[in-house]
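Beneath this line is the structure, given in structure tokens, with notes to follow.
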Amino acid sequence: MFSRDTWREIFDTLNKNKLRTFLSGFTVALGILIFVGLVGMTNGLQNTFEYYFSQDATNILYLFPGRTTKPYKGYKSQRRIEFENDDLKDIRENFAMFIDYVSPMIQRGALVKYREESNNYTTIGVDWGQQFAEKTIMMKGRYINQEDVKNKTRYAVIGRLVEQDLFGTKNAMGKYIDVGNSVFKVIGVFQDEGGDREERQIFIPYTTRQLIEKNTDKVDRIVVGFKPELGYVGAMALQRNLNKFLKDKKFISPEDQNGIFIRNIADQLKQNQDFARVLMIIAALVAFGTIIAGIIGISNIMVYVVKERTKEIGIRKAIGATPRTVIGNILLESIFITTLSGFSGMIAGIALLSSLGDKLMDDYFILNPGINTGLAISATIVLIFFGSLAGYLPAKKAAQIKPIEALND
Amino acid sequence: MIEIKNLHKSYQMGSNALHVLKGIDFSVKEGELVAIMGSSGSGKSTLLNILGMLDVADEGEYLLDGMPIKNLNETKAANYRNKFLGFIFQSFNLINYKTALENVALPLYYQRINRKKRQEKALKYLEQVGLKEWSHHLPSELSGGQKQRVAIARAMVTEPKVLLADELTGALDSTTSYEVMGLIQKINDKGNTILVVTHEDDIAHMCKRIVHLRDGVIVKDEKVKQVRAAEYVQ
């Protein structure tokens with residue numbers, strides 16, 4: 001069955017029936033190419049999701065003060081709610097079991113100067129926990145710590161691009177910069193995967209910011225980092241309880257939706273993951289459909305090929321071909337052509353995906369598209385198998401026809 | 001060479017059975033050139049198909065060179081066809097994407113003879129039918145007569161015991177028909193046994209014996225004086 005002569009006969013037949021060979025090969029190659037492409041693109045889309053949502057920690061609740069819309073306990077509606085240092089303390093004490101850290105955020109734009117260089121940057125008054133919330137990576141020096149907050153030190157942690165803007169190639173560590181007419185000492189330089197905007201921020205102790213602003217105790221926002229063990233359900237419960245606790249404390253009606261806002265990253269993440277999963281399922285269905293379409297396509301071609309060759313099969317049988325040789329040759333032909341074109345399509349698809357890299361990132365949110373090699377090979381083998389089966393069945397039928405009937409066709 | 005006793009064959013046509021061969025007794029000796037004649041529907045092609053193991057009889061005996069032909073499975077029938085019989089068809093039945101030489105060599109492929117030998121032998125037989133120069137042409141580049149000669153070379157290449165020709169001149173004009181019959185006579189002169197199915201009188205009279213078939217029985221079986229095809233071909 002595998003002699004050189006058999007292969008010579010097979011190559012000869014394939015070579016002399018170029019259109020037929022091309023059509024069946026093309027169907028298989030295209031089917032696999034589309035499959036690999038689709039799965040790869042979907043994976044790329046998922047990579048993008050992960051990329052965006054892994055920059056910041058996901059075990060975080062953001063608390064924002066709002067404005068009441070309902071009168072409650074003697075207070076009018078349209079009352080502005082504000083957070084104070086006292087609230088931080090209360091949250092820490094009452095929810096100690098569930099949370100890792102609480103950090104306020106006081107965000108102010110400021111003109112920052114170092115010698116002749118100056119620029120406008122966002123400064124954020126924070127506590128030490130903020131480093132974990134934003135997954136800030138220290139390149140040099142350290143982040144704001146508890147001592148800084150307690151002593152209201154004039155220390156600043158600057159972003160990589162702030163250093164680059166103001167200091168050029170020089171080292172900013174230990175230098176003094178003018179932040180909105182107050183002098184701060186640079187104690188650390190950080191980088192952040194969140195992009196240029198985040199690397200143009202300056203972190204200072206929130207207490208220092210409050211001191212500058214006439215020793216106020218107001219804070220803009222509160223970031224609560226909860227223990228990851230809480231999981232999604234625990235986080236949702238914590239969110240509800242925090243909401244209730246703060247509304248109670250600030251005399252906001254439990255029905256008032258606008259007094260306090262809580263943004264739950266875990267919830268958002270879950271929604272996004274759900275979205276990505278639905279997308280994945282749709283893409284999987286489409287990919288599956290592609291394979292099915294490929295199988296149907298190759299089956300049609302094989303049925304047609306064998307039909308077209310019925311007479312040839314009759315001739316071969318009349319001059320002494322046994323049914324086995326007839327089937328064997330047709331089968332080897334189809335296995336050969338589907339294997340060759342299947343793997344070509346697969347390799348072409350993988351090459352296409354890997355050449356894309358992050359080129360589609362900006363416009364199509366597809367990052368590093370790729371496919372699991374095992375999956376690609378399995379799909380190819382499935383197509384080869386069904387392609388061969390599709391060739392085998394009609395060939396078997398054709399080989400069983402009496403040669404005289406085949407010849408009379 | 002061929003011995004047939006009480007051969008019956010019917011075809012099932014829906015609920016009706018069409019009795020095509022109704023008890024044929026018939027024998028052919030080595031070296032004979034026999035024409036089987038009859039109008040269409042007389043059963044002559046069915047008889048040839050059974051002789052050629054392309055079809056099986058319902059009843060009766062068939063001995064080929066003393067060997068009983070019965071209960072053949074497809075594989076065995078294919079092997080016997082390959083070894084003992086050569087076929088020539090009305091419509092030539094050449095494989096259209098293979099050259100004349102490859103067509104002639106194909107039966108030897110199924111005998112697992114190596115490629116070089118196949119081609120040598122095929123070329124030898126192509127030379128005998130006068131088509132050595134055309135060996136690398138495709139069937140589409142050959143005339144009807146040339147195609148039939150390629151088919152004859154293909155039938156001869158395995159050196160079969162019996163050559164079976166089904167209306168071999170049916171698709172050819174009369175001049176070409178006589179040329180082809182001349183070739184058949186020449187092959188017969190060398191001692192090959194040949195059966196020719198035809199409905200043309202002049203073709204039948206170029207054989208040495210004519211068997212007349214009507215409605216599934218042999219009505220006449222006579223030796224005739226052979227007309228040499230060469231007399232017609234100038």
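In the structure tokens, each chain is lettered A, B, ... as it comes, each chain's residues begin at 1, and ligands are numbered from 1 in order of appearance.
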### Query
Counting only C-alpha atoms, which residues from chain A have an atom at most 6 Å from any atom of chain B, and could you show them as a list in words?
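Those within range of chain B come out as Ile319, Gly320, Ala321, Thr322 and Ile404 of chain A.
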### Query
If you run DSSP on the backbone, which residues of segment 64-136 of chain A are helix (DSSP H, G or I), as a count of residues only?
14
### Task
Have a look at B:Leu33, B:Leu126, B:Val28, B:Val217 and name the one nearest to Lys190 of chain B; count only C-alpha atoms.
B:Leu33
### Task
Find the residues near segment 93-102 of chain A: any atom within 8 Å, counting only C-alpha atoms, skip ones fewer than 4 places away on the same chain, and give them as a ChimeraX atom specification.
/A:88-89,127,129,222-227,230,238
### Query
Hey, can you check how far atom CA of Met37 of chain B sits from atom CA of Gln185 of chain B?
17.6 Å
### Message
Among segment 7-222 of chain B, which ones does DSSP assign to strand (DSSP E) (computed from the backbone)? Answer as number ranges by chain.
### Response
B: 7-13, 16-28, 33-37, 59-64, 67-68, 85-88, 162-166, 193-198, 209-214, 217-222
#### Entry: Å distance separating atom CA of Val189 of chain A from atom CA of Gly174 of chain A, one decimal place
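These atoms are spaced 10.6 Å apart.
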### Query
What's the 6 Å shell around segment 128-137 of chain B, counting only C-alpha atoms, without same-chain residues fewer than 3 positions away, as a list of chain:residue names?
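Residues meeting the cut-off are B:Thr99, B:Ala100, B:Leu101, B:Tyr125, B:Arg149.
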Would you mind exporting the chosen residues as a JSON list (two decimals), in the first residue's frame, restricted to N, CA and C atoms?
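Okay, this is what ended up in part_14.json:
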[["chain", "number", "residue", "atom", "x", "y", "z"],
["B", 99, "THR", "N", -1.29, 9.27, -20.56],
["B", 99, "THR", "CA", -0.83, 9.16, -21.95],
["B", 99, "THR", "C", -1.11, 7.75, -22.45],
["B", 100, "ALA", "N", -0.96, 7.59, -23.77],
["B", 100, "ALA", "CA", -1.18, 6.28, -24.39],
["B", 100, "ALA", "C", -0.33, 5.23, -23.68],
["B", 101, "LEU", "N", 0.93, 5.55, -23.47],
["B", 101, "LEU", "CA", 1.84, 4.59, -22.84],
["B", 101, "LEU", "C", 1.37, 4.23, -21.42],
["B", 125, "TYR", "N", 4.01, -3.23, -26.99],
["B", 125, "TYR", "CA", 2.68, -3.48, -27.53],
["B", 125, "TYR", "C", 2.15, -2.30, -28.32],
["B", 149, "ARG", "N", -6.83, 1.42, -31.03],
["B", 149, "ARG", "CA", -5.60, 0.62, -31.09],
["B", 149, "ARG", "C", -4.85, 0.68, -29.76]]
### Task
Find the residue from B:Val104, B:Leu63, B:Met13, B:Val197 that sits nearest to Leu123 of chain B; use only C-alpha atoms when measuring.
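For Leu123 of chain B, the nearest of the given residues is B:Val104.
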### Task
Would you please work out which residue, of A:Leu63, A:Tyr114, A:Thr13, A:Glu193, is nearest to Gly168 of chain A when using only C-alpha atoms?
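Among the listed residues, A:Tyr114 lies closest to Gly168 of chain A.
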### Task
Give me the residues within 10 Å of Ile32 of chain A as JSON, numbers by chain, counting only C-alpha atoms and dropping any in the same chain fewer than 3 places off.
{"A": [26, 27, 28, 29, 35, 36, 37, 38, 287, 290, 291, 294, 341, 342, 343, 344, 345, 346, 347, 348, 349, 376, 377, 379, 380, 383]}
### Task
Can you work out the spacing between atom CA of Met139 of chain A and atom CA of Glu50 of chain A in Å, to one decimal?
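A separation of 23.7 Å between them.
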#### Entry: Spatial neighbours of Pro68 of chain B, 10 Å, only C-alpha atoms, chain gap at least 6 places, as a ChimeraX atom specification
/B:3-4,61-62
### Nearest to Leu164 of chain B by atom-to-atom distance, counting only C-alpha atoms, from B:Val20, B:Asp215, B:Glu222, B:Asn192
B:Asn192
### Task
Tell me, as a PyMOL selection string, which residues lie within 6 Å of Thr207 of chain A, counting only C-alpha atoms; anything in the same chain fewer than 3 positions away does not count.
chain A and resi 149+152+210
Take the residues that were just selected and, keeping N, CA and C atoms, output them as an mmCIF file, in the first residue's frame.
data_model
loop_
_atom_site.group_PDB
_atom_site.id
_atom_site.type_symbol
_atom_site.label_atom_id
_atom_site.label_comp_id
_atom_site.auth_asym_id
_atom_site.auth_seq_id
_atom_site.Cartn_x
_atom_site.Cartn_y
_atom_site.Cartn_z
ATOM 1 N N VAL A 149 2.566 60.118 56.622
ATOM 2 C CA VAL A 149 1.199 60.571 56.817
ATOM 3 C C VAL A 149 1.044 61.180 58.212
ATOM 4 N N LYS A 152 3.079 64.433 58.434
ATOM 5 C CA LYS A 152 2.753 65.416 57.387
ATOM 6 C C LYS A 152 4.010 65.924 56.692
ATOM 7 N N GLN A 210 -3.700 68.290 53.206
ATOM 8 C CA GLN A 210 -4.710 68.912 54.070
ATOM 9 C C GLN A 210 -4.112 70.090 54.852
#
